Every structure is written in C-alpha cells, then in structure tokens.
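Q: Just one file: upload.txt, with compact mmCIF, C-alpha atoms.
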```
# COMPACT_ATOMS: atom_id res chain seq x y z
CA ALA A 22 -51.23 -18.16 -13.03
CA ALA A 23 -52.98 -20.95 -11.11
CA TYR A 24 -55.36 -18.47 -9.48
CA THR A 25 -56.19 -16.86 -12.83
CA ALA A 26 -56.74 -20.23 -14.52
CA ALA A 27 -59.11 -21.31 -11.75
CA THR A 28 -60.98 -17.99 -11.76
CA ALA A 29 -61.20 -17.40 -15.51
CA PRO A 30 -61.58 -20.68 -17.43
CA ASP A 31 -62.39 -18.96 -20.75
CA GLY A 32 -61.55 -15.83 -22.69
CA GLU A 33 -64.73 -13.92 -21.95
CA ARG A 34 -64.45 -14.49 -18.24
CA LEU A 35 -60.77 -13.56 -18.34
CA ALA A 36 -61.41 -10.29 -20.17
CA ALA A 37 -64.11 -9.38 -17.64
CA ILE A 38 -62.20 -10.01 -14.43
CA ALA A 39 -58.61 -9.36 -15.54
CA PRO A 40 -58.53 -5.91 -13.87
CA GLU A 41 -59.83 -7.39 -10.62
CA ILE A 42 -57.17 -10.12 -10.70
CA VAL A 43 -54.30 -7.69 -11.11
CA ARG A 44 -55.73 -5.37 -8.44
CA PHE A 45 -55.91 -8.36 -6.12
CA PHE A 46 -52.12 -8.72 -6.43
CA ALA A 47 -51.42 -4.99 -6.44
CA PRO A 48 -50.79 -4.66 -2.67
CA GLN A 49 -47.67 -6.83 -2.95
CA ALA A 50 -44.62 -4.68 -2.26
CA ASP A 51 -43.01 -3.42 -5.45
CA TYR A 52 -44.60 -6.16 -7.55
CA GLU A 53 -46.30 -5.57 -10.85
CA VAL A 54 -48.72 -8.05 -12.46
CA ARG A 55 -49.81 -7.92 -16.08
CA LEU A 56 -52.16 -10.23 -17.96
CA PHE A 57 -51.76 -10.80 -21.69
CA ASP A 58 -54.25 -12.45 -24.01
CA GLY A 59 -52.84 -15.76 -25.16
CA ARG A 60 -54.43 -15.46 -28.58
CA ASP A 61 -53.02 -12.15 -29.82
CA GLY A 62 -50.71 -11.09 -26.99
CA SER A 63 -52.63 -7.91 -26.21
CA LEU A 64 -52.47 -6.47 -22.72
CA LEU A 65 -55.66 -7.22 -20.78
CA ALA A 66 -54.83 -5.57 -17.45
CA ALA A 67 -51.91 -4.29 -15.37
CA THR A 68 -51.37 -3.10 -11.84
CA ARG A 69 -50.15 0.26 -13.19
CA ASP A 70 -50.02 2.17 -16.44
CA SER A 71 -47.06 0.92 -18.42
CA SER A 72 -46.13 -0.14 -21.90
CA PRO A 73 -48.47 -2.67 -23.54
CA LEU A 74 -45.43 -4.56 -24.76
CA PRO A 75 -44.68 -7.80 -22.92
CA SER A 76 -41.33 -8.47 -21.36
CA GLY A 77 -38.92 -10.95 -22.83
CA ALA A 78 -40.15 -13.59 -20.38
CA ALA A 79 -43.80 -12.96 -21.31
CA LEU A 80 -42.96 -12.96 -25.00
CA ALA A 81 -41.30 -16.35 -24.62
CA ALA A 82 -44.36 -17.65 -22.78
CA LEU A 83 -46.54 -16.33 -25.63
CA GLY A 84 -44.59 -18.52 -28.04
CA GLN A 85 -42.27 -15.82 -29.37
CA ARG A 86 -45.15 -14.19 -31.24
CA ARG A 87 -44.98 -10.56 -32.24
CA PRO A 88 -48.50 -9.17 -31.94
CA THR A 89 -49.51 -6.84 -34.71
CA LEU A 90 -50.38 -4.04 -32.26
CA PHE A 91 -46.84 -3.95 -30.86
CA LEU A 92 -44.13 -1.70 -32.18
CA ARG A 93 -41.36 -3.79 -30.65
CA ALA A 94 -40.98 -7.48 -29.89
CA SER A 95 -40.59 -7.05 -26.14
CA TYR A 96 -40.19 -4.47 -23.43
CA ASP A 97 -38.17 -4.78 -20.24
CA GLU A 98 -37.81 -1.91 -17.82
CA PRO A 99 -34.38 -1.46 -16.33
CA ASP A 100 -33.91 -2.45 -12.70
CA ARG A 101 -36.75 -5.01 -12.80
CA LEU A 102 -36.82 -8.79 -12.83
CA TYR A 103 -39.49 -10.53 -14.88
CA ALA A 104 -41.17 -13.93 -14.75
CA ALA A 105 -44.08 -15.24 -16.81
CA ARG A 106 -46.33 -18.32 -16.83
CA GLN A 107 -48.91 -19.63 -19.22
CA GLY A 108 -52.55 -20.39 -18.55
CA ARG A 109 -54.36 -22.86 -20.80
CA THR A 110 -57.92 -24.07 -21.27
CA GLU A 111 -59.00 -27.66 -20.78
CA ASP A 112 -58.21 -28.40 -24.43
CA SER A 113 -54.63 -27.02 -23.90
CA THR A 114 -55.30 -23.82 -25.84
CA LEU A 115 -53.13 -20.94 -24.65
CA LEU A 116 -55.58 -18.65 -22.84
CA PHE A 117 -53.38 -16.09 -21.17
CA VAL A 118 -49.88 -15.30 -19.97
CA VAL A 119 -49.43 -13.74 -16.55
CA GLU A 120 -46.30 -11.67 -16.05
CA VAL A 121 -44.93 -10.75 -12.63
CA SER A 122 -42.07 -8.30 -12.18
CA ARG A 123 -40.30 -6.87 -9.20
CA GLY A 124 -38.08 -3.83 -8.90
CA ILE A 125 -34.51 -4.44 -7.84
CA GLY A 126 -33.48 -0.80 -7.55
CA GLU A 127 -33.19 -0.98 -3.77
CA MET A 128 -31.25 -4.21 -4.04
CA GLN A 129 -28.91 -2.68 -6.58
CA ALA A 130 -28.49 0.40 -4.39
CA PHE A 131 -27.66 -1.86 -1.46
CA LEU A 132 -25.21 -3.83 -3.60
CA GLY A 133 -23.68 -0.57 -4.79
CA THR A 134 -23.26 0.59 -1.20
CA LEU A 135 -21.84 -2.79 -0.24
CA ARG A 136 -19.47 -2.63 -3.21
CA SER A 137 -18.30 0.82 -2.13
CA ILE A 138 -17.77 -0.41 1.42
CA LEU A 139 -15.78 -3.38 0.14
CA VAL A 140 -13.63 -1.16 -2.06
CA ALA A 141 -13.02 1.23 0.85
CA ALA A 142 -12.26 -1.69 3.17
CA CYS A 143 -9.82 -3.17 0.65
CA ALA A 144 -8.12 0.20 0.22
CA LEU A 145 -7.92 0.62 3.99
CA ALA A 146 -6.57 -2.92 4.38
CA LEU A 147 -3.90 -2.23 1.75
CA LEU A 148 -2.98 1.01 3.50
CA VAL A 149 -2.76 -0.74 6.88
CA ALA A 150 -0.72 -3.57 5.36
CA TRP A 151 1.62 -1.04 3.75
CA GLY A 152 2.06 0.81 7.04
CA ALA A 153 2.58 -2.44 8.94
CA SER A 154 5.16 -3.59 6.41
CA LEU A 155 7.06 -0.31 6.82
CA LEU A 156 7.04 -0.65 10.60
CA LEU A 157 8.12 -4.28 10.35
CA ALA A 158 10.90 -3.40 7.91
CA ARG A 159 12.14 -0.68 10.23
CA ALA A 160 11.96 -3.00 13.23
CA VAL A 161 14.03 -5.58 11.35
CA THR A 162 16.56 -3.24 9.75
CA ARG A 163 17.20 -1.00 12.78
CA PRO A 164 19.15 -3.67 14.72
CA LEU A 165 21.06 -4.53 11.55
CA ARG A 166 22.02 -0.88 11.05
CA GLU A 167 23.12 -0.69 14.68
CA MET A 168 25.23 -3.82 14.19
CA GLU A 169 26.81 -2.33 11.08
CA GLN A 170 27.69 0.87 12.95
CA ALA A 171 29.05 -1.12 15.90
CA THR A 172 31.27 -3.34 13.74
CA GLN A 173 32.60 -0.27 11.91
CA ALA A 174 33.40 1.38 15.26
CA ILE A 175 35.10 -1.80 16.52
CA ALA A 176 37.13 -2.04 13.32
CA ALA A 177 38.18 1.60 13.83
CA GLY A 178 39.50 0.78 17.30
CA ASP A 179 36.57 1.41 19.63
CA LEU A 180 36.80 -1.95 21.40
CA ASP A 181 34.53 -0.82 24.23
CA ARG A 182 31.57 -0.55 21.89
CA ARG A 183 28.76 -2.94 22.80
CA LEU A 184 25.30 -3.72 21.42
CA ALA A 185 22.13 -3.78 23.54
CA ILE A 186 20.49 -7.21 23.35
CA THR A 187 16.72 -6.71 23.37
CA THR A 188 15.57 -9.91 21.66
CA HIS A 189 16.30 -13.59 21.98
CA ASP A 190 16.05 -14.48 18.31
CA GLU A 191 18.71 -14.77 15.60
CA ILE A 192 19.35 -11.02 15.67
CA GLY A 193 19.88 -11.15 19.43
CA SER A 194 22.30 -14.07 19.01
CA LEU A 195 24.22 -12.13 16.35
CA ALA A 196 24.43 -9.09 18.65
CA ALA A 197 25.74 -11.32 21.48
CA SER A 198 28.36 -12.79 19.10
CA ILE A 199 29.48 -9.28 18.12
CA ASN A 200 29.75 -8.32 21.80
CA ARG A 201 31.84 -11.43 22.51
CA MET A 202 34.05 -10.67 19.54
CA ALA A 203 34.56 -7.10 20.79
CA ALA A 204 35.37 -8.39 24.30
CA ASN A 205 37.91 -10.89 22.90
CA LEU A 206 39.50 -8.19 20.78
CA ALA A 207 39.68 -5.95 23.83
CA ARG A 208 41.45 -8.70 25.83
CA LEU A 209 43.84 -9.38 22.97
CA GLU A 210 44.59 -5.66 22.67
CA ALA A 211 45.20 -5.45 26.43
CA ALA A 212 47.54 -8.47 26.25
CA ARG A 213 49.40 -6.93 23.33
CA ARG A 214 49.88 -3.67 25.16
CA ASP A 215 51.08 -5.51 28.30
CA PHE A 216 53.48 -7.58 26.20
CA VAL A 217 54.88 -4.49 24.50
CA ALA A 218 55.24 -2.77 27.86
CA ARG A 219 57.14 -5.71 29.37
CA ILE A 220 59.44 -6.04 26.38
CA SER A 221 60.09 -2.29 26.47
CA HIS A 222 60.96 -2.50 30.17
CA ASP A 223 63.19 -5.54 29.71
CA LEU A 224 65.07 -3.91 26.85
CA ARG A 225 65.44 -0.58 28.61
CA THR A 226 67.92 -1.89 31.28
CA PRO A 227 70.60 -3.42 28.96
CA LEU A 228 70.25 -0.51 26.59
CA THR A 229 70.89 1.89 29.44
CA ALA A 230 73.99 -0.07 30.49
CA ILE A 231 75.32 -0.14 26.97
```
Step by step, read the file and then write its structure as structure tokens.
A:
Amino acid sequence: AAYTAATAPDGERLAAIAPEIVRFFAPQADYEVRLFDGRDGSLLAATRDSSPLPSGAALAALGQRRPTLFLRASYDEPDRLYAARQGRTEDSTLLFVVEVSRGIGEMQAFLGTLRSILVAACALALLVAWGASLLLARAVTRPLREMEQATQAIAAGDLDRRLAITTHDEIGSLAASINRMAANLARLEAARRDFVARISHDLRTPLTAI
C-alpha cells in the first residue's frame, strides 16, 4: 500500500500503472495482489485472473460499500488468508485499496498430516498403556495367586509348601511371613506327633500288664 501510494498519487496514474504494480509483486511465493479503485470498488489489476469481487477484508477497507458492478458483497476463496490496506490522496480521499492474499493449502495439509500423526500417536500411546497395565496387573496378581494357592495347600495339610521370595517389597514380606507360619505349623505338627507317640508308648506298658 505504501509503495502504491508513493508511485500513484492520483487516480489516473493509478489506473495506468496498476498492472505493473501487481506484476511487481507477482513473484512472491503463493501471494496474490489485487488493486481496487477506492471510488467505486472496481478491480483495477490482479496478479492472476480471478473474481472481480473484493474479499471481506478489502470490502471492509472500502468502507463496506457494495459496488454496483458486483453481484455479491464480497468474495473469499477457500484456503486463503486475506489482508487489505487503504491508500489515500493528500486530501485524505480514498484512492485505492490493495488486497494481499496467501494460500494456506500447504499449511492445512501439513496440519492435517500433523493431526493424523498426533491421533495415531495417541492411539499407540493408549495401546501401549493398556498393554503395560495388563503386564503390571499380571505381575502384581501372580504372586498373590501363588500365595492364595500356598495358603490353601498349607490349610489342607501340606506343611512343607513354601513360597519363593523374589522381591523385597510388601509382597516379599508377606511371602516370608507365610513361609514362617508354615514352618511354625510344621514344628507344632511334629511336636504333636512326638507327644502322641510318647503318650502311646507310656500307655502301652500298663495296658499290656493289665
């Protein structure tokens, strides 16, 4: 807008060099420049053939006018960003509006790819977390199941049953307590059997005499 205002200070000069101005900016990558007449909003020049309708940004810069040549109030292509600036004469009369737009299709494609990667990464993370939780649950419940089986065997009379202590945490302490309980029960059972054997032997002699 500053370049155009300095190059074309009046309407006649602007109408004459408008195509040269937009061609000057044409090499910019994926940019489009359009010049609109500030008096009636007509399209003076554009870097490519497109609709003569201004974008919403250009229409706002034109003062929200609806030029009589236009069929619609504004025109915005999808996947493009628009910006517009005014150019005025020395007496503050609106001379032109320059509109610059840039395509964001590649950016949206990149964002779409990034979104897909994030969704896939989240799904993979959930799958890994689910698998890890299963492994952790099995690692925690396996010793408990072994303890349950061992206590049932001890209660059924298998006093020689012992648990392997592989950890030094609360589960390992519980397994050691169960092993000590089984050892104490085994000693008590041995003492009971010895006591019964001695009593049987002591009672056998007088019973034989009688």
Q: Please compute the CA of Arg69 in chain A-CA of Phe117 in chain A distance, one decimal, in Å.
A: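 A separation of 18.5 Å between them.
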Q: Nearest residue to Ala27 in chain A out of A:Asp58, A:Asp70, A:Glu111, A:Asp51, using all atoms listed in the file?
A: A:Glu111
Q: I'd like the interatomic distance between CA of Gly152 in chain A and CA of Leu195 in chain A, to a tenth of an Å.
A: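 Here the two named atoms are 27.3 Å from each other.
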Q: Residues at most 12 Å from range 189-191 of chain A, counting only C-alpha atoms, excluding those fewer than 6 positions away in the same chain, as a list of chain:residue names?
A: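 Using only C-alpha atoms, the neighbours found are A:Val161, A:Pro164, A:Leu165, A:Ala197, A:Ser198.
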Q: Just to be explicit: take each residue in the selection above, keep C-alpha atoms, and write the result as a tab-separated table (two decimals), in the frame of the given file.
A:
```
chain	number	residue	atom	x	y	z
A	161	VAL	CA	14.03	-5.58	11.35
A	164	PRO	CA	19.15	-3.67	14.72
A	165	LEU	CA	21.06	-4.53	11.55
A	197	ALA	CA	25.74	-11.32	21.48
A	198	SER	CA	28.36	-12.79	19.10
```
Q: Give me the residues near Arg208 in chain A as a PDB file with C-alpha atoms, in the frame of the given file, where near means some atom within 12 Å (using all atoms listed in the file) and where sequence neighbours in that chain fewer than 6 positions away do not count.
A:
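The resulting file, part-v9.pdb, is shown below:
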```
ATOM      1  CA  LEU A 180      36.800  -1.950  21.400  1.00  0.00           C
ATOM      2  CA  ASP A 181      34.530  -0.820  24.230  1.00  0.00           C
ATOM      3  CA  ARG A 201      31.840 -11.430  22.510  1.00  0.00           C
ATOM      4  CA  MET A 202      34.050 -10.670  19.540  1.00  0.00           C
ATOM      5  CA  ARG A 214      49.880  -3.670  25.160  1.00  0.00           C
ATOM      6  CA  ASP A 215      51.080  -5.510  28.300  1.00  0.00           C
TER       7      ASP A 215
END
```
Q: Provide the CA of Ala79 in chain A to CA of Tyr96 in chain A distance in Å, to one decimal place.
A: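 One can read the CA of Ala79 in chain A to CA of Tyr96 in chain A distance as 9.5 Å.
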Q: Hey, which of A:Leu102, A:Pro227, A:Gln173, A:Thr110 ends up closest to Leu35 in chain A? Count all atoms listed in the file.
A: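 For Leu35 in chain A, the nearest of the candidates is A:Thr110.
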Q: Tell me, counting all atoms listed in the file, for each residue of range 104-123 of chain A within 12 Å of range 36-45 of chain A, which pair of atoms is nearest and how far apart they are in Å to one decimal, in rows ordered by chain and increasing number, as a Markdown table.
A:
```
| residue | atom | partner | partner_atom | distance |
| --- | --- | --- | --- | --- |
| A:Leu116 | CA | A:Ala36 | CA | 10.5 |
| A:Phe117 | CA | A:Ala36 | CA | 10.0 |
| A:Val118 | CA | A:Ala39 | CA | 11.5 |
| A:Val119 | CA | A:Val43 | CA | 9.5 |
| A:Glu120 | CA | A:Val43 | CA | 10.2 |
| A:Val121 | CA | A:Val43 | CA | 10.0 |
```
Q: Using all atoms listed in the file, find the one residue out of A:Leu115, A:Ala212, A:Ala105, A:Ile199 that sits nearest to Gly32 in chain A.
A: A:Leu115
Q: Missing atoms in range 140-151 of chain A need filling: write out all heavy atoms for it as a tab-separated table (two decimals), in the coordinates of the input.
A:
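rebuild-v7.tsv written:
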```tsv
chain	number	residue	atom	x	y	z
A	140	VAL	N	-14.78	-1.83	-1.44
A	140	VAL	CA	-13.63	-1.16	-2.06
A	140	VAL	C	-12.89	-0.32	-1.03
A	140	VAL	O	-11.64	-0.33	-0.96
A	140	VAL	CB	-14.11	-0.28	-3.24
A	140	VAL	CG1	-12.99	0.61	-3.74
A	140	VAL	CG2	-14.63	-1.16	-4.37
A	141	ALA	N	-13.65	0.42	-0.19
A	141	ALA	CA	-13.02	1.23	0.85
A	141	ALA	C	-12.29	0.35	1.85
A	141	ALA	O	-11.17	0.67	2.29
A	141	ALA	CB	-14.07	2.09	1.55
A	142	ALA	N	-12.91	-0.79	2.22
A	142	ALA	CA	-12.26	-1.69	3.17
A	142	ALA	C	-10.98	-2.27	2.59
A	142	ALA	O	-9.97	-2.39	3.29
A	142	ALA	CB	-13.23	-2.81	3.56
A	143	CYS	N	-11.02	-2.64	1.29
A	143	CYS	CA	-9.82	-3.17	0.65
A	143	CYS	C	-8.72	-2.11	0.60
A	143	CYS	O	-7.55	-2.40	0.86
A	143	CYS	CB	-10.15	-3.67	-0.75
A	143	CYS	SG	-11.16	-5.16	-0.80
A	144	ALA	N	-9.12	-0.87	0.26
A	144	ALA	CA	-8.12	0.20	0.22
A	144	ALA	C	-7.53	0.44	1.61
A	144	ALA	O	-6.31	0.62	1.76
A	144	ALA	CB	-8.75	1.48	-0.33
A	145	LEU	N	-8.40	0.43	2.63
A	145	LEU	CA	-7.92	0.62	3.99
A	145	LEU	C	-7.01	-0.53	4.41
A	145	LEU	O	-5.98	-0.32	5.07
A	145	LEU	CB	-9.11	0.75	4.95
A	145	LEU	CG	-8.76	0.96	6.43
A	145	LEU	CD1	-7.98	2.26	6.61
A	145	LEU	CD2	-10.03	0.99	7.28
A	146	ALA	N	-7.40	-1.76	4.04
A	146	ALA	CA	-6.57	-2.92	4.38
A	146	ALA	C	-5.20	-2.83	3.71
A	146	ALA	O	-4.17	-3.14	4.32
A	146	ALA	CB	-7.28	-4.21	3.97
A	147	LEU	N	-5.18	-2.39	2.43
A	147	LEU	CA	-3.90	-2.23	1.75
A	147	LEU	C	-3.05	-1.15	2.42
A	147	LEU	O	-1.83	-1.31	2.57
A	147	LEU	CB	-4.15	-1.87	0.29
A	147	LEU	CG	-4.70	-2.98	-0.61
A	147	LEU	CD1	-5.00	-2.44	-2.00
A	147	LEU	CD2	-3.72	-4.14	-0.68
A	148	LEU	N	-3.71	-0.05	2.83
A	148	LEU	CA	-2.98	1.01	3.50
A	148	LEU	C	-2.40	0.53	4.84
A	148	LEU	O	-1.24	0.80	5.16
A	148	LEU	CB	-3.90	2.22	3.72
A	148	LEU	CG	-3.27	3.46	4.35
A	148	LEU	CD1	-2.15	3.99	3.47
A	148	LEU	CD2	-4.32	4.53	4.59
A	149	VAL	N	-3.23	-0.21	5.59
A	149	VAL	CA	-2.76	-0.74	6.88
A	149	VAL	C	-1.62	-1.73	6.66
A	149	VAL	O	-0.63	-1.74	7.39
A	149	VAL	CB	-3.94	-1.38	7.64
A	149	VAL	CG1	-3.44	-2.14	8.86
A	149	VAL	CG2	-4.94	-0.31	8.07
A	150	ALA	N	-1.77	-2.60	5.64
A	150	ALA	CA	-0.72	-3.57	5.36
A	150	ALA	C	0.57	-2.88	4.95
A	150	ALA	O	1.68	-3.28	5.36
A	150	ALA	CB	-1.18	-4.53	4.26
A	151	TRP	N	0.44	-1.80	4.14
A	151	TRP	CA	1.62	-1.04	3.75
A	151	TRP	C	2.30	-0.41	4.95
A	151	TRP	O	3.53	-0.48	5.11
A	151	TRP	CB	1.23	0.02	2.74
A	151	TRP	CG	2.37	0.88	2.27
A	151	TRP	CD1	3.40	0.51	1.47
A	151	TRP	CD2	2.59	2.25	2.62
A	151	TRP	NE1	4.25	1.57	1.27
A	151	TRP	CE2	3.78	2.65	1.96
A	151	TRP	CE3	1.89	3.16	3.39
A	151	TRP	CZ2	4.28	3.94	2.09
A	151	TRP	CZ3	2.39	4.45	3.50
A	151	TRP	CH2	3.57	4.82	2.86
```
